[in-house]
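Visitor: Take this structure first; my questions come after.
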Amino acid sequence: MNVRDPFGLHRKSALSILKTTASRAAVDLTERAVEASIHAIEKGKQAVDDFDMSFTVPKNVPSFSNPQRVVEDRVWGNSAVTSRGGKGSSHSNKNGGILGGVQDRVGSLFDDRNTLPMYKDKPYAYPPSQRARPIWRRKRTPIFILLLLSLLYFFGAFGRHHETAVSSKPIWAWLKAGSESGKNADWSKRRERVVEAFTLSWDAYERYAWGYDQFHPISKKGEQMAPKGMGWIIVDALDTMILMNLTSRVTHARQWISTSLTYDQDQDVNTFETTIRMLGGLLSAHYISNEFPQLAPLAEDDPGAPGEDLYLEKAKDLADRIVSAFDSPSGVPYASVNIGKYEGLPAHDEGGASSTAETTTLQLEFKYLAKLTGEKYFWDKAEKVMQVVDNNGAEDGLVPIYINANDGTFRGHNIRLGSRGDSYYEYLIKQYLQTNKQESVYLEMWDESLRGVRKHLVTYTEPSGFTIIGERPDGLKGPLSPKMDHLVCFMPGTIALAATGGLTEVEAKKLPTWTKKQEADMKLARELMQTCWGMYKWMATGLAAEITYFNIASPPRPESAPHNPPADFDPDPQAEWRKDFTVHAQDTHNLQRPETVESLFYMWRITGDIKYREWGWEMFKSFMNHTAVEDGGGFTSLSNANKVPPVMRDNMESFWLAETLKYFYLLFSPDDLLPLDKIVINTEAHPLPRFDMGQLFSTGWKRKPRDADGKIIK
C-alpha cells in the first residue's frame, strides 16, 4: 500500500524522531515541572518552538480517499482553532490537533500505548489545561525525566545557539523532492496538492476571519466591506469547494449563506465585481450542485428539500438590487449600486463614466439568471448594453476603456486589453458560446475585434521575437506602448477557445468549418501563452509581476513580420531572452492572479500539449514556496515578487480561492470534469452551463452596417 507521508515521518531518522519527541515532551513538562528545573525546561521549550515549526504549520491536508486519512485527521482535524471566539467550524474534529498524529507515531518508541499527551501548538488551539495532575502523580519515571534533560542538553537546547533565527515556514517534502515530469507524472497526486493548498487557505480564513469579506493572513484578521458582510470570500470560493468535493466545508459555507448572508444593507458596491463574484458564484453553485449532485452532496440541496433553491434565491435577491444600476438614460449601467436603496451610482472619477469592460461583463450572469427564472427583463437589461456599445462604431472593433452611462458614448481614446478593457472581448465569444452559438452577432464582433488586435496591438520583442499585445493609450492613431498587464494573459486561452469552440484542436480540425483563420489563431494563442509564461520565468520568485514592459523596435514590427522566439527559457541570469522583458519597481507586486493559469488550462485541454501542464505545476510550486504565511495563515499576495524572500502584502484575494486554485485543480484534472464544449466559465472562473434560448429569449438587436474598418456607414 502506498501510504502518503505529508509530514516526512517515514523519511526522518530515528534520531530526528527521538529529538522531536523529547523536545515536545519537554515542552509539556515545563508547565508542571518541579521548581528546581523549571527555568532550564522553559528555555528548552523556546528552543524547540523556534526550531521545529515544520510541525506547526504543515502545508498538507488530508487526502479524502487514502487509508492514512484516519491518522491525518488527528493532525488536521483540530477545530478548537476554528471555534475561537465562537466562530467554530462545522467540520469539527475531536482528535488531537496538529501534533496528535505526530505524537501518536513517535510514542511507540517509548511504550505500547500510542497515547502520549498532546500539546496543542499555537495557533492551533488553546493552551494546555492547567488542571493537569502534578508531575509526581504521573506514571512517568524520574529516569525518563533525566533522559529528556540529557537529550535536550545533547542537542543544545540550553545553549546559546537556540536563538538562531529559523524560518517558521514549513518545508513540504514534495516541494524539495524531485518529481517525474510529462506523461510519467502522477497528475492525480498533483491535483491533491492543489486541494491541500486550498484547504490550508480556507481553514486559515475560517479560523481567523470567518464571515469577513477580506482576510489578512499575516496579521490574522478580517475586515468587512459592508456592515453585515457580503460573503465576498465565502460565496466566491463556494463552487471551488464543491468541485473539490469538500463536503464539510461546503456545509459550513452553506449554513452561513442561509443564516447570515443578507443584501438588505445600505451599502454601495461595485456593479461589476459584485456581479461576477457574488452573483456568478451563487449561480455557479446552483448549477454545479444540481448538475453534479455527487460532488459535496448535501441533503439540503436535494429536490424537494426546503433549501434546495437557496443559492438561486439569494442570486435572485441580489440581482434585483444590482439591476438598478442599469437604470441610466442610456441603459449602460452605473459603476456602483446601493443594494439597500436599489439605486445606481455614477463613478467618482472619470467624469462619472463607467468602465467599458465592467459594463459588458455582466451578460453571462444576467442571461443565465433570466433563463433560470423566466424573468426576461434581466436578459433585456444586459443585452441593451451590448447594442449601445456597438452603436459607437469603434474602429476595428477596439473599444476605449471608458463609456458614459448618461449618453452611451465613449470617453477618451485609451485602448488596451488590460484593466478596464479585457473582459469586454472575453464576453463577446463567451456570449456566443453560452447560447449554443445561436447569437452570431457576438461571433462577428469577436472576429472583428481579434482582427483589430492583430492590426493595431500585436508586435514582437527584441532581440528574441516574443509576441506581445501592447496598448494604445492615445487611441489607434497614437504610439504603441509595449506594456502588458498580467490581466492580458487571459487572451491565449480565450483565443484558443474561440478557435475550437471548446473542442480539442484535433476534433475541431476535422470539422468543415476549420479554416486557415483558426489555424492562425491557434498559432497566435501559442505564442502569447509563451510570452505570459516568460513573465513568470523572468521574476526571481517565478511569480509574474502585475505589469511587464517589453523592448520593441521603433517603429513596432507589424503582426506579419517574421519572428522566431526561443522555444525554452534559458535559466542563466545573463540569458539573451531576458533583455526582452522589463519590470518597473512599482509593478513588482503579485496579487495571486489567475489569468495565466487560466490560459494554461484552456491550452492544455484544447491542444493536449503536456508542457502547459508542466508550466502550471512549476507555477504552482512557486506559489507554494513564496506566498505561504507563517503560523497557519494560508497564502498571501506579494508586494515584491522579484526578490527572494519576497515582500509580503498581507492580503489573500478572494480570487485566489475562486479562480487561481480552481484553474490549477482543473488543469491537473481529467478532461471530463467540466468539458469545455458544455459550459462557459465567467471572468471570475464560475462555471455556467450552455443553453438554448428557447421561445422566450432572442437577440433583440442588430448591428448597424459597417465598412471594412468596422466604422458605421451613415
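Numbering starts fresh at 1 for the residues of each chain in the C-alpha cells, the chains themselves are lettered A, B, ... in the order given, and ligands are numbered from 1 as they appear.
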Can you pull out every residue within 8 Å of Asn564 (chain A), counting only C-alpha atoms, but drop anything in the same chain fewer than 6 positions away, and send it as a VMD selection string?

Guide: chain A and resid 464 to 466

Visitor: Near region 597-603 of chain A, counting only C-alpha atoms, which residues have an atom at most 7 Å away, once you skip same-chain residues fewer than 3 positions from it, shown as a PyMOL selection string?

Guide: chain A and resi 489-490+492-493+496-497+594+606-607+612+616+660+663-664+666-667

Visitor: What does the file look like for those residues with N, CA, C and O atoms, as a compact mmCIF listing (two decimals), in the first residue's frame?

Guide:
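Result file again_0.txt:
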# COMPACT_ATOMS: atom_id res chain seq x y z
N CYS A 489 -3.15 38.19 -20.00
CA CYS A 489 -2.83 36.78 -20.21
C CYS A 489 -4.07 35.88 -20.22
O CYS A 489 -3.94 34.66 -20.34
N PHE A 490 -5.26 36.48 -20.13
CA PHE A 490 -6.47 35.70 -20.40
C PHE A 490 -6.59 35.39 -21.89
O PHE A 490 -7.31 34.46 -22.29
N PRO A 492 -4.55 34.20 -24.49
CA PRO A 492 -4.20 32.94 -25.17
C PRO A 492 -5.29 31.88 -25.05
O PRO A 492 -5.68 31.26 -26.06
N GLY A 493 -5.79 31.68 -23.85
CA GLY A 493 -6.83 30.68 -23.66
C GLY A 493 -8.13 31.05 -24.34
O GLY A 493 -8.82 30.19 -24.90
N ALA A 496 -7.86 30.45 -28.10
CA ALA A 496 -7.97 29.02 -28.40
C ALA A 496 -9.40 28.53 -28.24
O ALA A 496 -9.89 27.72 -29.04
N LEU A 497 -10.10 29.01 -27.21
CA LEU A 497 -11.49 28.64 -27.00
C LEU A 497 -12.35 29.08 -28.18
O LEU A 497 -13.22 28.33 -28.66
N PRO A 594 -5.12 34.93 -11.62
CA PRO A 594 -5.34 33.63 -12.27
C PRO A 594 -5.16 33.60 -13.78
O PRO A 594 -5.23 32.52 -14.37
N ILE A 606 -7.27 22.06 -24.92
CA ILE A 606 -7.53 22.20 -26.35
C ILE A 606 -6.41 21.58 -27.19
O ILE A 606 -6.67 20.91 -28.19
N THR A 607 -5.15 21.80 -26.81
CA THR A 607 -4.04 21.29 -27.62
C THR A 607 -3.55 19.93 -27.17
O THR A 607 -2.98 19.18 -27.97
N TYR A 612 2.03 22.60 -21.13
CA TYR A 612 1.19 23.57 -20.43
C TYR A 612 0.86 23.09 -19.02
O TYR A 612 0.77 23.89 -18.09
N GLY A 616 2.22 24.85 -15.53
CA GLY A 616 1.30 25.09 -14.42
C GLY A 616 1.81 24.51 -13.12
O GLY A 616 1.68 25.12 -12.06
N THR A 660 -7.68 31.12 -9.11
CA THR A 660 -6.33 30.60 -9.30
C THR A 660 -6.23 29.13 -8.92
O THR A 660 -5.77 28.30 -9.72
N TYR A 663 -8.37 26.87 -11.23
CA TYR A 663 -7.77 26.56 -12.52
C TYR A 663 -6.61 25.57 -12.39
O TYR A 663 -6.42 24.71 -13.26
N PHE A 664 -5.83 25.67 -11.32
CA PHE A 664 -4.81 24.65 -11.09
C PHE A 664 -5.46 23.27 -10.94
O PHE A 664 -4.99 22.28 -11.50
N LEU A 666 -8.37 22.23 -12.09
CA LEU A 666 -8.89 21.77 -13.37
C LEU A 666 -7.77 21.39 -14.34
O LEU A 666 -7.90 20.44 -15.11
N LEU A 667 -6.66 22.12 -14.29
CA LEU A 667 -5.52 21.82 -15.15
C LEU A 667 -4.97 20.43 -14.88
O LEU A 667 -4.54 19.73 -15.80

Visitor: What's the 7 Å shell around region 408-424 of chain A, counting only C-alpha atoms, without same-chain residues fewer than 3 positions away, as a ChimeraX atom specification?

Guide: /A:330,332,355-358,360-361,388-389,392,398-405,427-428,471-475,484-485,487-488,683

Visitor: Convert the current residue selection to file output with C-alpha atoms, as a tab-separated table (two decimals), in the first residue's frame.

Guide:
chain	number	residue	atom	x	y	z
A	330	SER	CA	-28.54	55.16	-21.97
A	332	VAL	CA	-25.29	51.48	-19.71
A	355	SER	CA	-15.51	51.14	-17.30
A	356	THR	CA	-16.29	49.63	-20.69
A	357	ALA	CA	-15.19	46.16	-19.62
A	358	GLU	CA	-17.24	46.35	-16.44
A	360	THR	CA	-20.03	44.49	-20.77
A	361	THR	CA	-19.03	41.74	-18.35
A	388	VAL	CA	-25.28	50.76	-27.05
A	389	VAL	CA	-21.57	49.96	-27.04
A	392	ASN	CA	-20.50	53.73	-31.18
A	398	LEU	CA	-11.35	48.01	-30.45
A	399	VAL	CA	-13.22	49.97	-27.79
A	400	PRO	CA	-11.93	52.75	-25.49
A	401	ILE	CA	-11.86	51.73	-21.83
A	402	TYR	CA	-14.50	54.24	-20.58
A	403	ILE	CA	-18.10	54.83	-21.57
A	404	ASN	CA	-20.56	57.45	-20.35
A	405	ALA	CA	-23.64	55.99	-18.67
A	427	TYR	CA	-17.51	38.03	-23.06
A	428	LEU	CA	-18.05	38.53	-26.80
A	471	GLU	CA	-1.63	49.32	-25.65
A	472	ARG	CA	-2.72	52.45	-27.50
A	473	PRO	CA	-3.24	54.98	-24.66
A	474	ASP	CA	-3.82	57.85	-27.12
A	475	GLY	CA	-6.03	55.90	-29.49
A	484	MET	CA	1.21	44.17	-20.82
A	485	ASP	CA	-0.84	43.86	-17.66
A	487	LEU	CA	-4.63	40.61	-16.94
A	488	VAL	CA	-3.91	40.39	-20.69
A	683	THR	CA	-14.49	36.00	-15.79

Visitor: Name the residues in contact with Val269 (chain A) at a cut-off of 10 Å, using only C-alpha atoms, excluding same-chain residues fewer than 4 positions from it; report them as a list of chain:residue names.

Guide: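 The residues that qualify are A:Met225, A:Ala226, A:Met230, A:Glu273, A:Thr274, A:Thr275, A:Ile322, A:Ala335, A:Ser336, A:Val337, A:Asn338, A:Ile339, A:Gly344, A:Leu345.
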
Visitor: Using the selection just defined, write its residues with N, CA, C and O atoms as a short mmCIF file (atom, residue, chain, number, x, y, z; two decimals), in the first residue's frame.

Guide:
data_model
loop_
_atom_site.label_atom_id
_atom_site.label_comp_id
_atom_site.auth_asym_id
_atom_site.auth_seq_id
_atom_site.Cartn_x
_atom_site.Cartn_y
_atom_site.Cartn_z
N MET A 225 -16.64 44.63 4.09
CA MET A 225 -16.89 45.64 3.05
C MET A 225 -18.27 46.26 3.23
O MET A 225 -18.58 47.27 2.61
N ALA A 226 -19.08 45.63 4.03
CA ALA A 226 -20.43 46.11 4.32
C ALA A 226 -20.70 45.84 5.80
O ALA A 226 -20.05 44.99 6.40
N MET A 230 -20.63 40.82 2.96
CA MET A 230 -21.18 40.47 1.65
C MET A 230 -20.92 39.00 1.29
O MET A 230 -21.34 38.55 0.22
N GLU A 273 -17.89 43.95 -10.00
CA GLU A 273 -17.28 42.98 -9.09
C GLU A 273 -18.34 42.17 -8.35
O GLU A 273 -18.20 40.95 -8.14
N THR A 274 -19.41 42.83 -7.94
CA THR A 274 -20.47 42.12 -7.22
C THR A 274 -21.18 41.13 -8.13
O THR A 274 -21.58 40.04 -7.70
N THR A 275 -21.30 41.47 -9.39
CA THR A 275 -21.96 40.57 -10.34
C THR A 275 -21.10 39.34 -10.63
O THR A 275 -21.57 38.20 -10.54
N ILE A 322 -28.91 44.69 -7.95
CA ILE A 322 -27.88 45.14 -8.89
C ILE A 322 -28.49 45.73 -10.15
O ILE A 322 -27.96 46.69 -10.72
N ALA A 335 -21.37 52.63 -12.48
CA ALA A 335 -20.24 51.88 -11.93
C ALA A 335 -20.59 51.21 -10.61
O ALA A 335 -20.07 50.14 -10.30
N SER A 336 -21.46 51.83 -9.82
CA SER A 336 -21.80 51.30 -8.50
C SER A 336 -23.30 51.27 -8.31
O SER A 336 -24.07 51.87 -9.09
N VAL A 337 -23.72 50.57 -7.26
CA VAL A 337 -25.14 50.49 -6.93
C VAL A 337 -25.28 50.37 -5.42
O VAL A 337 -24.47 49.69 -4.77
N ASN A 338 -26.25 51.04 -4.87
CA ASN A 338 -26.57 50.87 -3.45
C ASN A 338 -27.59 49.74 -3.36
O ASN A 338 -28.74 49.89 -3.80
N ILE A 339 -27.16 48.62 -2.78
CA ILE A 339 -28.01 47.43 -2.80
C ILE A 339 -29.17 47.52 -1.81
O ILE A 339 -30.14 46.78 -1.93
N GLY A 344 -28.62 53.08 -8.61
CA GLY A 344 -27.35 53.11 -9.32
C GLY A 344 -26.61 54.41 -9.05
O GLY A 344 -27.23 55.47 -8.89
N LEU A 345 -25.27 54.33 -9.03
CA LEU A 345 -24.45 55.48 -8.69
C LEU A 345 -23.31 55.61 -9.69
O LEU A 345 -22.58 54.64 -9.94
#

Visitor: Write down as an NGL selection string the residues belonging to region 153-402 of chain A that are assigned alpha helix (DSSP H) by DSSP computed on the backbone.

Guide: :A and (153-154 or 173-176 or 187-209 or 232-243 or 247-259 or 271-273 or 280-291 or 310-322 or 356-359 or 363-373 or 376-390)

Visitor: Using only C-alpha atoms, pick whichever of A:Tyr334, A:Phe198, A:Phe215, A:Tyr263 has the shortest atom-to-atom distance to Met244 (chain A).

Guide: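 Closest to Met244 (chain A) of all the choices is A:Phe198.
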
Visitor: Please provide as a PyMOL selection string all residues within 10 Å of region 183-190 of chain A, with the sequence filter that same-chain residues fewer than 5 positions apart are discarded (counting only C-alpha atoms).

Guide: chain A and resi 63+174+195-196+610-611+613-614+617+620+664-665+667-670

Visitor: Once you have the residues from the selection above, write them out as a short mmCIF file (atom, residue, chain, number, x, y, z; two decimals), in the first residue's frame, restricted to all heavy atoms.

Guide:
data_model
loop_
_atom_site.label_atom_id
_atom_site.label_comp_id
_atom_site.auth_asym_id
_atom_site.auth_seq_id
_atom_site.Cartn_x
_atom_site.Cartn_y
_atom_site.Cartn_z
N SER A 63 -5.76 13.59 2.59
CA SER A 63 -6.37 13.02 1.40
C SER A 63 -7.72 12.47 1.82
O SER A 63 -7.86 11.88 2.88
CB SER A 63 -5.50 11.90 0.85
OG SER A 63 -6.22 11.15 -0.09
N TRP A 174 7.46 17.25 -0.65
CA TRP A 174 7.24 17.08 -2.09
C TRP A 174 7.76 18.27 -2.88
O TRP A 174 8.05 18.14 -4.08
CB TRP A 174 5.77 16.83 -2.40
CG TRP A 174 4.83 17.92 -2.01
CD1 TRP A 174 4.11 18.02 -0.86
CD2 TRP A 174 4.47 19.08 -2.79
NE1 TRP A 174 3.34 19.14 -0.86
CE2 TRP A 174 3.53 19.81 -2.03
CE3 TRP A 174 4.84 19.55 -4.04
CZ2 TRP A 174 2.97 21.01 -2.48
CZ3 TRP A 174 4.28 20.74 -4.50
CH2 TRP A 174 3.36 21.45 -3.72
N VAL A 195 -5.65 20.75 -3.75
CA VAL A 195 -6.69 20.67 -2.72
C VAL A 195 -6.10 21.01 -1.36
O VAL A 195 -6.72 21.72 -0.55
CB VAL A 195 -7.35 19.27 -2.70
CG1 VAL A 195 -8.38 19.17 -1.58
CG2 VAL A 195 -8.01 18.97 -4.05
N GLU A 196 -4.91 20.51 -1.11
CA GLU A 196 -4.26 20.80 0.16
C GLU A 196 -4.00 22.29 0.33
O GLU A 196 -4.20 22.86 1.41
CB GLU A 196 -2.95 20.00 0.26
CG GLU A 196 -3.18 18.50 0.39
CD GLU A 196 -1.93 17.68 0.12
OE1 GLU A 196 -0.89 18.28 -0.23
OE2 GLU A 196 -1.99 16.45 0.26
N ILE A 610 1.52 18.62 -23.27
CA ILE A 610 1.82 18.41 -21.86
C ILE A 610 2.61 19.55 -21.24
O ILE A 610 2.60 19.74 -20.01
CB ILE A 610 2.58 17.07 -21.68
CG1 ILE A 610 2.55 16.62 -20.21
CG2 ILE A 610 4.00 17.20 -22.18
CD1 ILE A 610 1.19 16.22 -19.73
N LYS A 611 3.29 20.35 -22.06
CA LYS A 611 4.12 21.41 -21.49
C LYS A 611 3.28 22.43 -20.74
O LYS A 611 3.77 23.04 -19.77
CB LYS A 611 4.94 22.11 -22.57
CG LYS A 611 4.17 23.03 -23.50
CD LYS A 611 5.10 23.68 -24.51
CE LYS A 611 4.35 24.62 -25.45
NZ LYS A 611 5.24 25.20 -26.48
N ARG A 613 0.69 21.80 -18.87
CA ARG A 613 0.51 21.23 -17.53
C ARG A 613 1.78 21.39 -16.70
O ARG A 613 1.74 21.75 -15.52
CB ARG A 613 0.15 19.75 -17.61
CG ARG A 613 -1.34 19.46 -17.54
CD ARG A 613 -1.60 17.98 -17.49
NE ARG A 613 -2.91 17.69 -16.93
CZ ARG A 613 -3.41 16.48 -16.76
NH1 ARG A 613 -2.69 15.43 -17.09
NH2 ARG A 613 -4.61 16.31 -16.25
N GLU A 614 2.92 21.14 -17.32
CA GLU A 614 4.19 21.25 -16.60
C GLU A 614 4.46 22.69 -16.19
O GLU A 614 4.97 22.94 -15.10
CB GLU A 614 5.33 20.71 -17.47
CG GLU A 614 5.32 19.21 -17.63
CD GLU A 614 5.59 18.47 -16.33
OE1 GLU A 614 6.02 19.10 -15.35
OE2 GLU A 614 5.36 17.24 -16.29
N TRP A 617 2.40 23.33 -13.19
CA TRP A 617 2.94 22.70 -11.98
C TRP A 617 4.10 23.52 -11.42
O TRP A 617 4.22 23.72 -10.21
CB TRP A 617 3.38 21.28 -12.29
CG TRP A 617 4.01 20.55 -11.15
CD1 TRP A 617 5.27 20.06 -11.07
CD2 TRP A 617 3.40 20.23 -9.89
NE1 TRP A 617 5.49 19.46 -9.87
CE2 TRP A 617 4.36 19.54 -9.11
CE3 TRP A 617 2.14 20.46 -9.34
CZ2 TRP A 617 4.11 19.08 -7.82
CZ3 TRP A 617 1.88 20.00 -8.04
CH2 TRP A 617 2.85 19.33 -7.30
N PHE A 620 2.63 26.56 -9.79
CA PHE A 620 2.00 26.21 -8.51
C PHE A 620 3.06 26.06 -7.42
O PHE A 620 2.88 26.55 -6.29
CB PHE A 620 1.21 24.91 -8.67
CG PHE A 620 0.60 24.40 -7.39
CD1 PHE A 620 -0.47 25.05 -6.82
CD2 PHE A 620 1.12 23.27 -6.77
CE1 PHE A 620 -1.04 24.58 -5.63
CE2 PHE A 620 0.56 22.79 -5.59
CZ PHE A 620 -0.51 23.45 -5.02
N PHE A 664 -5.83 25.67 -11.32
CA PHE A 664 -4.81 24.65 -11.09
C PHE A 664 -5.46 23.27 -10.94
O PHE A 664 -4.99 22.28 -11.50
CB PHE A 664 -4.01 24.97 -9.82
CG PHE A 664 -2.90 25.97 -10.01
CD1 PHE A 664 -2.84 27.12 -9.23
CD2 PHE A 664 -1.92 25.77 -10.97
CE1 PHE A 664 -1.82 28.04 -9.39
CE2 PHE A 664 -0.89 26.69 -11.14
CZ PHE A 664 -0.84 27.83 -10.35
N TYR A 665 -6.54 23.23 -10.18
CA TYR A 665 -7.25 21.97 -9.95
C TYR A 665 -7.76 21.39 -11.27
O TYR A 665 -7.61 20.19 -11.54
CB TYR A 665 -8.40 22.21 -8.99
CG TYR A 665 -9.19 20.97 -8.61
CD1 TYR A 665 -8.70 20.07 -7.67
CD2 TYR A 665 -10.43 20.71 -9.18
CE1 TYR A 665 -9.42 18.94 -7.31
CE2 TYR A 665 -11.16 19.58 -8.83
CZ TYR A 665 -10.64 18.70 -7.90
OH TYR A 665 -11.37 17.58 -7.55
N LEU A 667 -6.66 22.12 -14.29
CA LEU A 667 -5.52 21.82 -15.15
C LEU A 667 -4.97 20.43 -14.88
O LEU A 667 -4.54 19.73 -15.80
CB LEU A 667 -4.42 22.87 -14.93
CG LEU A 667 -3.09 22.70 -15.67
CD1 LEU A 667 -3.29 22.71 -17.18
CD2 LEU A 667 -2.10 23.78 -15.25
N PHE A 668 -5.00 20.00 -13.63
CA PHE A 668 -4.46 18.70 -13.25
C PHE A 668 -5.54 17.62 -13.19
O PHE A 668 -5.26 16.48 -12.79
CB PHE A 668 -3.75 18.79 -11.89
CG PHE A 668 -2.66 19.83 -11.84
CD1 PHE A 668 -2.36 20.49 -10.65
CD2 PHE A 668 -1.95 20.18 -12.98
CE1 PHE A 668 -1.36 21.45 -10.59
CE2 PHE A 668 -0.95 21.15 -12.94
CZ PHE A 668 -0.66 21.79 -11.75
N SER A 669 -6.77 17.95 -13.56
CA SER A 669 -7.89 17.01 -13.51
C SER A 669 -8.10 16.32 -14.86
O SER A 669 -7.64 16.81 -15.90
CB SER A 669 -9.19 17.75 -13.13
OG SER A 669 -9.16 18.20 -11.80
N PRO A 670 -8.83 15.22 -14.88
CA PRO A 670 -9.22 14.60 -16.15
C PRO A 670 -10.07 15.56 -16.97
O PRO A 670 -10.78 16.42 -16.43
CB PRO A 670 -10.02 13.37 -15.72
CG PRO A 670 -9.59 13.10 -14.32
CD PRO A 670 -9.27 14.42 -13.71
#

Visitor: List the neighbours of region 432-445 of chain A out to 9 Å using only C-alpha atoms; skip same-chain residues closer than 4 positions along the sequence, and give me the result as a list in words.

Guide: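 Selected residues are Leu364, Tyr368, Asp390, Gly397, Tyr425, Tyr427, Leu428, Ser449, Leu450, Ala498, Gly501, Gly502, Asp677, Lys678, Ile679, Val680, Leu688, Pro689, Arg690, Phe691, Asp692, Met693, Ser698, Thr699, Lys702 and Arg703 of chain A.
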
Visitor: Please report the interatomic distance between CA of Lys384 (chain A) and CA of Leu696 (chain A) in Å with one decimal.

Guide: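 Value for the CA of Lys384 (chain A)-CA of Leu696 (chain A) distance: 16.4 Å.
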
Visitor: So which residues touch region 281-298 of chain A within 8 Å, counting only C-alpha atoms, skipping near sequence neighbours fewer than 6 positions away, as a ChimeraX atom specification?

Guide: /A:235-239,241-248,250-251,309,311-312,314-315,365,369,686-689

Visitor: What's the separation between CA of Ile681 (chain A) and CA of Met529 (chain A), in Å to one decimal place?

Guide: 19.0 Å

Visitor: Which value, in Å to one decimal, gives the distance between CA of Asp672 (chain A) and CA of Leu503 (chain A)?

Guide: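 Taking CA of Asp672 (chain A) as the start and CA of Leu503 (chain A) as the end point, the length is 11.9 Å.
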
Visitor: If you run DSSP on the backbone, which residues of region 143-364 of chain A are strand (DSSP E), as a list of chain:residue names?

Guide: A:Gln214, A:Phe215, A:His216, A:Lys221, A:Gly222, A:Glu223, A:Asp268, A:Val269, A:Asn270, A:Ser336, A:Val337, A:Asn338, A:Glu343, A:Gly344, A:Leu345, A:Ser354, A:Ser355

Visitor: Save out the residues we just selected, C-alpha atoms, as a PDB file, in the first residue's frame.

Guide:
ATOM      1  CA  GLN A 214     -11.356  40.396   3.413  1.00  0.00           C
ATOM      2  CA  PHE A 215      -8.669  38.285   5.033  1.00  0.00           C
ATOM      3  CA  HIS A 216      -5.223  39.424   6.096  1.00  0.00           C
ATOM      4  CA  LYS A 221      -7.625  39.315  10.942  1.00  0.00           C
ATOM      5  CA  GLY A 222     -10.554  40.111   8.696  1.00  0.00           C
ATOM      6  CA  GLU A 223     -12.411  43.203   7.506  1.00  0.00           C
ATOM      7  CA  ASP A 268     -22.601  50.982  -2.170  1.00  0.00           C
ATOM      8  CA  VAL A 269     -20.952  48.146  -4.103  1.00  0.00           C
ATOM      9  CA  ASN A 270     -19.180  47.890  -7.424  1.00  0.00           C
ATOM     10  CA  SER A 336     -21.798  51.304  -8.498  1.00  0.00           C
ATOM     11  CA  VAL A 337     -25.137  50.490  -6.928  1.00  0.00           C
ATOM     12  CA  ASN A 338     -26.570  50.871  -3.452  1.00  0.00           C
ATOM     13  CA  GLU A 343     -30.051  52.916  -6.634  1.00  0.00           C
ATOM     14  CA  GLY A 344     -27.352  53.114  -9.319  1.00  0.00           C
ATOM     15  CA  LEU A 345     -24.447  55.484  -8.689  1.00  0.00           C
ATOM     16  CA  SER A 354     -18.214  53.586 -16.316  1.00  0.00           C
ATOM     17  CA  SER A 355     -15.511  51.136 -17.304  1.00  0.00           C
TER      18      SER A 355
END

Visitor: When distances are computed from only C-alpha atoms, which of A:Glu383, A:Gln592, A:Leu318, A:Gly633 shows the smallest separation from Ala209 (chain A)?

Guide: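 Nearest to Ala209 (chain A): A:Gly633.
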
Visitor: Could you check which of A:Leu480, A:Ala525, A:Met624, A:Ile218 is closest to Ala499 (chain A), using only C-alpha atoms?

Guide: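 Under the stated criterion, the closest residue is A:Ala525.
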